[in-house]
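Trainee: What follows is the file query.cif, containing mmCIF, C-alpha atoms:
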```
data_upload
#
loop_
_atom_site.group_PDB
_atom_site.id
_atom_site.type_symbol
_atom_site.label_atom_id
_atom_site.label_comp_id
_atom_site.auth_asym_id
_atom_site.auth_seq_id
_atom_site.Cartn_x
_atom_site.Cartn_y
_atom_site.Cartn_z
ATOM 1 C CA MET A 1 71.016 54.379 170.924
ATOM 2 C CA ALA A 2 68.410 51.839 171.973
ATOM 3 C CA LYS A 3 68.737 48.284 170.746
ATOM 4 C CA GLU A 4 66.086 47.259 168.220
ATOM 5 C CA LYS A 5 63.423 44.967 169.628
ATOM 6 C CA ASP A 6 64.339 41.325 169.090
ATOM 7 C CA THR A 7 61.486 40.174 166.859
ATOM 8 C CA PRO A 8 61.486 37.305 164.355
ATOM 9 C CA SER A 9 61.688 39.791 161.461
ATOM 10 C CA ASN A 10 64.628 41.646 163.048
ATOM 11 C CA GLU A 11 66.442 38.356 163.624
ATOM 12 C CA PHE A 12 65.778 37.388 159.984
ATOM 13 C CA LYS A 13 67.185 40.729 158.788
ATOM 14 C CA ARG A 14 70.264 40.350 160.982
ATOM 15 C CA VAL A 15 70.977 36.820 159.768
ATOM 16 C CA LEU A 16 70.293 37.762 156.141
ATOM 17 C CA THR A 17 72.690 40.707 156.392
ATOM 18 C CA VAL A 18 75.439 38.466 157.783
ATOM 19 C CA ALA A 19 74.814 35.932 155.001
ATOM 20 C CA MET A 20 75.008 38.656 152.343
ATOM 21 C CA LYS A 21 78.283 39.993 153.747
ATOM 22 C CA THR A 22 79.698 36.475 153.823
ATOM 23 C CA ILE A 23 78.641 35.550 150.276
ATOM 24 C CA ALA A 24 79.801 38.922 148.927
ATOM 25 C CA GLU A 25 83.040 38.644 150.906
ATOM 26 C CA ASP A 26 82.471 42.253 151.972
ATOM 27 C CA PRO A 27 82.250 42.937 155.712
ATOM 28 C CA GLU A 28 81.557 46.612 154.939
ATOM 29 C CA LEU A 29 78.416 45.842 152.931
ATOM 30 C CA SER A 30 75.555 48.019 154.137
ATOM 31 C CA VAL A 31 72.123 46.384 153.968
ATOM 32 C CA ALA A 32 68.868 48.207 154.626
ATOM 33 C CA PHE A 33 65.237 47.182 154.357
ATOM 34 C CA GLY A 34 62.411 49.365 153.105
ATOM 35 C CA ASN A 35 59.254 49.675 151.063
ATOM 36 C CA GLU A 36 60.864 51.050 147.895
ATOM 37 C CA ALA A 37 62.159 48.914 145.035
ATOM 38 C CA PRO A 38 65.212 46.768 145.860
ATOM 39 C CA TRP A 39 68.564 48.060 144.617
ATOM 40 C CA LEU A 40 72.297 47.513 144.792
ATOM 41 C CA ALA A 41 74.786 50.373 144.398
ATOM 42 C CA GLY A 42 78.413 49.814 145.221
ATOM 43 C CA ASN A 43 78.464 48.085 148.573
ATOM 44 C CA ARG A 44 75.038 49.333 149.636
ATOM 45 C CA ALA A 45 71.874 47.286 149.190
ATOM 46 C CA LYS A 46 68.202 47.890 149.837
ATOM 47 C CA LEU A 47 65.931 44.878 150.257
ATOM 48 C CA PRO A 48 62.158 44.691 150.710
ATOM 49 C CA GLN A 49 60.815 45.213 154.195
ATOM 50 C CA VAL A 50 59.818 42.009 155.960
ATOM 51 C CA GLY A 51 56.966 41.928 158.440
ATOM 52 C CA ASN A 52 56.664 39.853 161.573
ATOM 53 C CA GLU A 53 54.460 37.305 159.782
ATOM 54 C CA LEU A 54 57.482 35.934 157.887
ATOM 55 C CA LYS A 55 55.541 34.036 155.211
ATOM 56 C CA ALA A 56 57.692 31.360 153.564
ATOM 57 C CA SER A 57 57.052 32.737 150.066
ATOM 58 C CA ASP A 58 58.096 36.263 151.097
ATOM 59 C CA ILE A 59 61.200 34.971 152.855
ATOM 60 C CA ALA A 60 62.267 33.028 149.752
ATOM 61 C CA VAL A 61 61.878 36.102 147.523
ATOM 62 C CA VAL A 62 63.858 38.364 149.867
ATOM 63 C CA ARG A 63 66.529 35.693 150.238
ATOM 64 C CA GLY A 64 66.662 35.364 146.443
ATOM 65 C CA LEU A 65 67.183 39.099 146.067
ATOM 66 C CA SER A 66 69.862 39.118 148.753
ATOM 67 C CA ASP A 67 71.591 36.124 147.157
ATOM 68 C CA SER A 68 71.471 37.799 143.750
ATOM 69 C CA PHE A 69 72.986 41.022 145.109
ATOM 70 C CA ALA A 70 75.668 39.212 147.117
ATOM 71 C CA LEU A 71 76.599 36.997 144.163
ATOM 72 C CA ARG A 72 76.952 40.069 141.956
ATOM 73 C CA LEU A 73 79.309 41.677 144.449
ATOM 74 C CA ALA A 74 81.361 38.482 144.687
ATOM 75 C CA ASN A 75 81.452 37.497 140.995
ATOM 76 C CA HIS A 76 81.204 40.623 138.865
ATOM 77 C CA ASN A 77 84.159 42.700 137.713
ATOM 78 C CA ASP A 78 83.195 46.194 136.554
ATOM 79 C CA LYS A 79 86.409 46.728 134.561
ATOM 80 C CA VAL A 80 86.127 43.482 132.605
ATOM 81 C CA HIS A 81 82.407 44.016 132.116
ATOM 82 C CA ALA A 82 82.914 47.539 130.745
ATOM 83 C CA ARG A 83 85.710 46.386 128.435
ATOM 84 C CA TYR A 84 83.429 43.982 126.553
ATOM 85 C CA GLN A 85 80.158 45.882 126.823
ATOM 86 C CA PRO A 86 78.519 46.403 123.403
ATOM 87 C CA GLN A 87 77.372 49.842 122.261
ATOM 88 C CA GLY A 88 73.792 49.341 121.075
ATOM 89 C CA LYS A 89 70.924 49.702 123.533
ATOM 90 C CA ASN A 90 69.438 46.255 122.822
ATOM 91 C CA ALA A 91 72.841 44.549 122.719
ATOM 92 C CA ARG A 92 73.745 46.182 126.037
ATOM 93 C CA ALA A 93 70.457 45.020 127.613
ATOM 94 C CA VAL A 94 71.101 41.424 126.490
ATOM 95 C CA TYR A 95 74.716 41.646 127.710
ATOM 96 C CA GLU A 96 73.594 42.869 131.158
ATOM 97 C CA ALA A 97 70.879 40.211 131.436
ATOM 98 C CA VAL A 98 73.268 37.405 130.455
ATOM 99 C CA GLU A 99 75.848 38.634 132.976
ATOM 100 C CA GLN A 100 73.246 38.503 135.742
ATOM 101 C CA ALA A 101 72.185 35.007 134.645
ATOM 102 C CA ARG A 102 75.857 33.918 134.722
ATOM 103 C CA ILE A 103 76.365 35.342 138.205
ATOM 104 C CA GLU A 104 73.212 33.741 139.594
ATOM 105 C CA ALA A 105 74.046 30.394 137.958
ATOM 106 C CA LEU A 106 77.320 30.288 139.903
ATOM 107 C CA GLY A 107 75.412 30.395 143.176
ATOM 108 C CA ALA A 108 72.550 28.179 142.012
ATOM 109 C CA ASN A 109 74.947 25.464 140.885
ATOM 110 C CA ALA A 110 76.961 25.620 144.115
ATOM 111 C CA MET A 111 74.091 25.698 146.615
ATOM 112 C CA PRO A 112 70.659 24.075 146.158
ATOM 113 C CA GLY A 113 69.078 26.379 148.757
ATOM 114 C CA MET A 114 70.336 29.404 146.883
ATOM 115 C CA ALA A 115 68.956 27.934 143.640
ATOM 116 C CA ALA A 116 65.529 27.692 145.280
ATOM 117 C CA ASN A 117 65.744 31.278 146.568
ATOM 118 C CA LEU A 118 66.796 32.644 143.174
ATOM 119 C CA GLY A 119 64.010 30.643 141.530
ATOM 120 C CA ALA A 120 61.443 32.115 143.937
ATOM 121 C CA MET A 121 62.748 35.615 143.224
ATOM 122 C CA LEU A 122 62.506 35.105 139.460
ATOM 123 C CA ASP A 123 59.067 33.544 139.706
ATOM 124 C CA GLU A 124 57.818 36.544 141.690
ATOM 125 C CA ARG A 125 59.465 39.009 139.266
ATOM 126 C CA TYR A 126 57.834 37.500 136.205
ATOM 127 C CA ARG A 127 54.464 37.064 137.880
ATOM 128 C CA ARG A 128 54.484 40.762 138.809
ATOM 129 C CA LYS A 129 55.470 41.757 135.278
ATOM 130 C CA ASP A 130 52.749 39.469 133.912
ATOM 131 C CA VAL A 131 54.922 38.423 130.979
ATOM 132 C CA SER A 132 52.679 35.406 130.379
ATOM 133 C CA ARG A 133 50.300 37.767 128.570
ATOM 134 C CA TYR A 134 52.699 38.159 125.634
ATOM 135 C CA THR A 135 51.532 36.382 122.514
ATOM 136 C CA ASP A 136 53.843 38.061 120.012
ATOM 137 C CA ARG A 137 57.625 38.248 120.070
ATOM 138 C CA LYS A 138 57.600 41.965 119.299
ATOM 139 C CA ASP A 139 55.997 42.580 122.699
ATOM 140 C CA ALA A 140 58.207 40.214 124.708
ATOM 141 C CA PRO A 141 61.579 41.504 125.983
ATOM 142 C CA LEU A 142 64.425 39.725 124.190
ATOM 143 C CA ASP A 143 66.978 40.422 126.925
ATOM 144 C CA GLU A 144 64.898 38.661 129.562
ATOM 145 C CA ALA A 145 64.186 35.687 127.305
ATOM 146 C CA VAL A 146 67.897 35.322 126.502
ATOM 147 C CA ALA A 147 68.789 35.497 130.205
ATOM 148 C CA LEU A 148 66.319 32.738 131.048
ATOM 149 C CA VAL A 149 67.560 30.528 128.202
ATOM 150 C CA VAL A 150 71.153 31.076 129.395
ATOM 151 C CA ARG A 151 70.089 30.306 132.974
ATOM 152 C CA GLN A 152 68.516 27.072 131.777
ATOM 153 C CA LYS A 153 71.657 26.104 129.837
ATOM 154 C CA LEU A 154 73.896 26.848 132.834
ATOM 155 C CA THR A 155 71.763 25.356 135.626
ATOM 156 C CA GLY A 156 69.265 23.025 133.974
ATOM 157 C CA ALA A 157 66.431 24.943 135.669
ATOM 158 C CA PRO A 158 63.482 25.680 133.378
ATOM 159 C CA PRO A 159 62.171 29.244 133.159
ATOM 160 C CA PRO A 160 59.750 30.244 135.906
ATOM 161 C CA GLU A 161 56.216 29.189 135.064
ATOM 162 C CA GLY A 162 55.066 32.784 134.560
ATOM 163 C CA ALA A 163 57.836 33.405 131.997
ATOM 164 C CA ARG A 164 57.673 30.195 129.977
ATOM 165 C CA THR A 165 55.384 31.597 127.279
ATOM 166 C CA MET A 166 57.664 34.615 126.818
ATOM 167 C CA VAL A 167 60.751 32.385 126.560
ATOM 168 C CA GLU A 168 59.084 30.051 124.076
ATOM 169 C CA LEU A 169 58.240 32.997 121.817
ATOM 170 C CA TRP A 170 61.975 33.671 121.510
ATOM 171 C CA ARG A 171 63.593 30.270 122.109
ATOM 172 C CA GLN A 172 63.964 29.124 118.483
ATOM 173 C CA TRP A 173 65.262 32.525 117.377
ATOM 174 C CA ILE A 174 67.808 32.513 120.230
ATOM 175 C CA GLU A 175 68.849 28.901 119.616
ATOM 176 C CA ASP A 176 69.297 29.527 115.864
ATOM 177 C CA ARG A 177 71.697 32.410 116.568
ATOM 178 C CA ALA A 178 73.459 31.377 119.767
ATOM 179 C CA GLY A 179 72.741 27.701 120.374
ATOM 180 C CA PRO A 180 76.280 26.376 119.904
ATOM 181 C CA GLN A 181 77.843 29.200 121.935
#
```
Produce structure tokens that represent the structure in this file.
Mentor:
Amino acid sequence: MAKEKDTPSNEFKRVLTVAMKTIAEDPELSVAFGNEAPWLAGNRAKLPQVGNELKASDIAVVRGLSDSFALRLANHNDKVHARYQPQGKNARAVYEAVEQARIEALGANAMPGMAANLGAMLDERYRRKDVSRYTDRKDAPLDEAVALVVRQKLTGAPPPEGARTMVELWRQWIEDRAGPQ
């Protein structure tokens, strides 16, 4: 098998894969890059393809995704999670979103660089979803607003600019019900 050409993007992928394995504490983690949506299943991850241009904004987003996946592998327990998982669809969505915010806050609080990467990833996610267009709470996803409020409580980081309007539609309702907790 021929060795892949040593390009800046291939070096970035190699280093990112090593970083993910280290953060996840899983040397068997399999990381691939492609044009389909990013995903994590077991100890296999798919990240967005990176070109040879290596734009800083693209690098930060891919690093944020890789950090998020690696943190989940390192800090999530499926058995404990399933034990406390609520039954209702909306309650389950909020529960999942809060768990991801908790996991990402662990990394963001421990490493400023990781906090920046996760912030870039979230900013890109909410810009793509165009959640700033929501003007009524009934249109804005509660689970995502709760996750961003929890993230802010745990890290001190405000919601990404593109999601601030969505969060503010829900903030008072969330604070009235869960503020002290």
Trainee: Hey, what comes out of the PyMOL selection byres ((chain A and resi 60) around 12) on this file? Could you write it as a PyMOL selection string?
Mentor: chain A and resi 12+16+48+50+54-59+61-68+113-124
Trainee: Step by step, work through what the PyMOL selection byres ((chain A and resi 105) around 10) selects in the shown file, and finish by giving those residues as a list in words.
Mentor: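 Going through the file, the PyMOL selection byres ((chain A and resi 105) around 10) ends up selecting Ser68, Leu71, Glu99, Gln100, Ala101, Arg102, Ile103, Glu104, Leu106, Gly107, Ala108, Asn109, Ala110, Met111, Met114, Ala115, Leu118, Val150, Arg151, Gln152, Lys153, Leu154, Thr155, Gly156 and Ala157 of chain A.
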Trainee: For A:Ala32, work out the shell of residues within 7 Å, counting all atoms listed in the file and skipping chain neighbours fewer than 5 positions away, then give it as a count of residues only.
Mentor: 3
Trainee: Could you give me, as a PyMOL selection string, the residues within 10 Å of A:Glu96, counting only C-alpha atoms and dropping anything in the same chain fewer than 6 positions from it?
Mentor: chain A and resi 81+85-86+90+102+143-144+147
Trainee: Around all the atoms of stretch 62-67 of chain A listed in the file, draw an axis-aligned box and extend it by 8 Å on each of the six sides; I want its centre and edge lengths in Å to one decimal, as AutoDock Vina command-line options.
Mentor:
```
--center_x 67.7 --center_y 37.2 --center_z 148.2 --size_x 23.7 --size_y 19.8 --size_z 20.2
```
Trainee: Which value, in Å to one decimal, gives the distance between atom CA of A:Val131 and atom CA of A:Ala70?
Mentor: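 Atom CA of A:Ala70 lies 26.3 Å from atom CA of A:Val131.
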Trainee: Have a look at A:Val15, A:Val80, A:Arg125, A:Ile23 and name the one nearest to A:Ala37; count all atoms listed in the file.
Mentor: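 Using all atoms listed in the file, the shortest distance to A:Ala37 belongs to A:Arg125.
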Trainee: Atom CA of A:Lys89 and atom CA of A:Val146 are how many Å apart?
Mentor: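 Distance reported for this atom pair: 15.0 Å.
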Trainee: Using only C-alpha atoms, what does the table of stretch 110-146 of chain A residues within 10 Å of stretch 172-179 of chain A look like, with each row giving the shortest atom pair and its distance in Å to one decimal, sorted by chain and ascending number, as a tab-separated table?
Mentor:
```
residue	atom	partner	partner_atom	distance
A:Arg137	CA	A:Trp173	CA	9.9
A:Leu142	CA	A:Ile174	CA	8.9
A:Ala145	CA	A:Ile174	CA	8.6
A:Val146	CA	A:Ile174	CA	6.9
```
Trainee: Write out as a ChimeraX atom specification which residues come within 12 Å of A:Asn10 when counting all atoms listed in the file, dropping same-chain ones fewer than 2 positions away.
Mentor: /A:3-8,12-17,32-33,49-54
Trainee: Provide stretch 164-175 of chain A rebuilt to N, CA and C atoms, formatted as a PDB file, in the coordinates of the input.
Mentor:
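Output contents, as saved in selection_12.pdb:
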```pdb
ATOM      1  N   ARG A 164      57.456  31.226 130.998  1.00  0.00           N
ATOM      2  CA  ARG A 164      57.673  30.195 129.977  1.00  0.00           C
ATOM      3  C   ARG A 164      57.130  30.585 128.615  1.00  0.00           C
ATOM      4  N   THR A 165      55.958  31.182 128.568  1.00  0.00           N
ATOM      5  CA  THR A 165      55.384  31.597 127.279  1.00  0.00           C
ATOM      6  C   THR A 165      56.288  32.616 126.604  1.00  0.00           C
ATOM      7  N   MET A 166      56.770  33.592 127.364  1.00  0.00           N
ATOM      8  CA  MET A 166      57.664  34.615 126.818  1.00  0.00           C
ATOM      9  C   MET A 166      58.934  33.968 126.257  1.00  0.00           C
ATOM     10  N   VAL A 167      59.518  33.043 127.002  1.00  0.00           N
ATOM     11  CA  VAL A 167      60.751  32.385 126.560  1.00  0.00           C
ATOM     12  C   VAL A 167      60.490  31.580 125.295  1.00  0.00           C
ATOM     13  N   GLU A 168      59.376  30.882 125.247  1.00  0.00           N
ATOM     14  CA  GLU A 168      59.084  30.051 124.076  1.00  0.00           C
ATOM     15  C   GLU A 168      58.852  30.888 122.815  1.00  0.00           C
ATOM     16  N   LEU A 169      58.381  32.113 122.977  1.00  0.00           N
ATOM     17  CA  LEU A 169      58.240  32.997 121.817  1.00  0.00           C
ATOM     18  C   LEU A 169      59.596  33.276 121.175  1.00  0.00           C
ATOM     19  N   TRP A 170      60.634  33.328 121.983  1.00  0.00           N
ATOM     20  CA  TRP A 170      61.975  33.671 121.510  1.00  0.00           C
ATOM     21  C   TRP A 170      62.919  32.482 121.359  1.00  0.00           C
ATOM     22  N   ARG A 171      62.620  31.359 121.999  1.00  0.00           N
ATOM     23  CA  ARG A 171      63.593  30.270 122.109  1.00  0.00           C
ATOM     24  C   ARG A 171      64.210  29.864 120.770  1.00  0.00           C
ATOM     25  N   GLN A 172      63.412  29.592 119.764  1.00  0.00           N
ATOM     26  CA  GLN A 172      63.964  29.124 118.483  1.00  0.00           C
ATOM     27  C   GLN A 172      64.867  30.182 117.867  1.00  0.00           C
ATOM     28  N   TRP A 173      64.457  31.426 117.921  1.00  0.00           N
ATOM     29  CA  TRP A 173      65.262  32.525 117.377  1.00  0.00           C
ATOM     30  C   TRP A 173      66.600  32.597 118.106  1.00  0.00           C
ATOM     31  N   ILE A 174      66.586  32.477 119.420  1.00  0.00           N
ATOM     32  CA  ILE A 174      67.808  32.513 120.230  1.00  0.00           C
ATOM     33  C   ILE A 174      68.689  31.304 119.911  1.00  0.00           C
ATOM     34  N   GLU A 175      68.089  30.124 119.884  1.00  0.00           N
ATOM     35  CA  GLU A 175      68.849  28.901 119.616  1.00  0.00           C
ATOM     36  C   GLU A 175      69.484  28.933 118.232  1.00  0.00           C
TER      37      GLU A 175
END
```
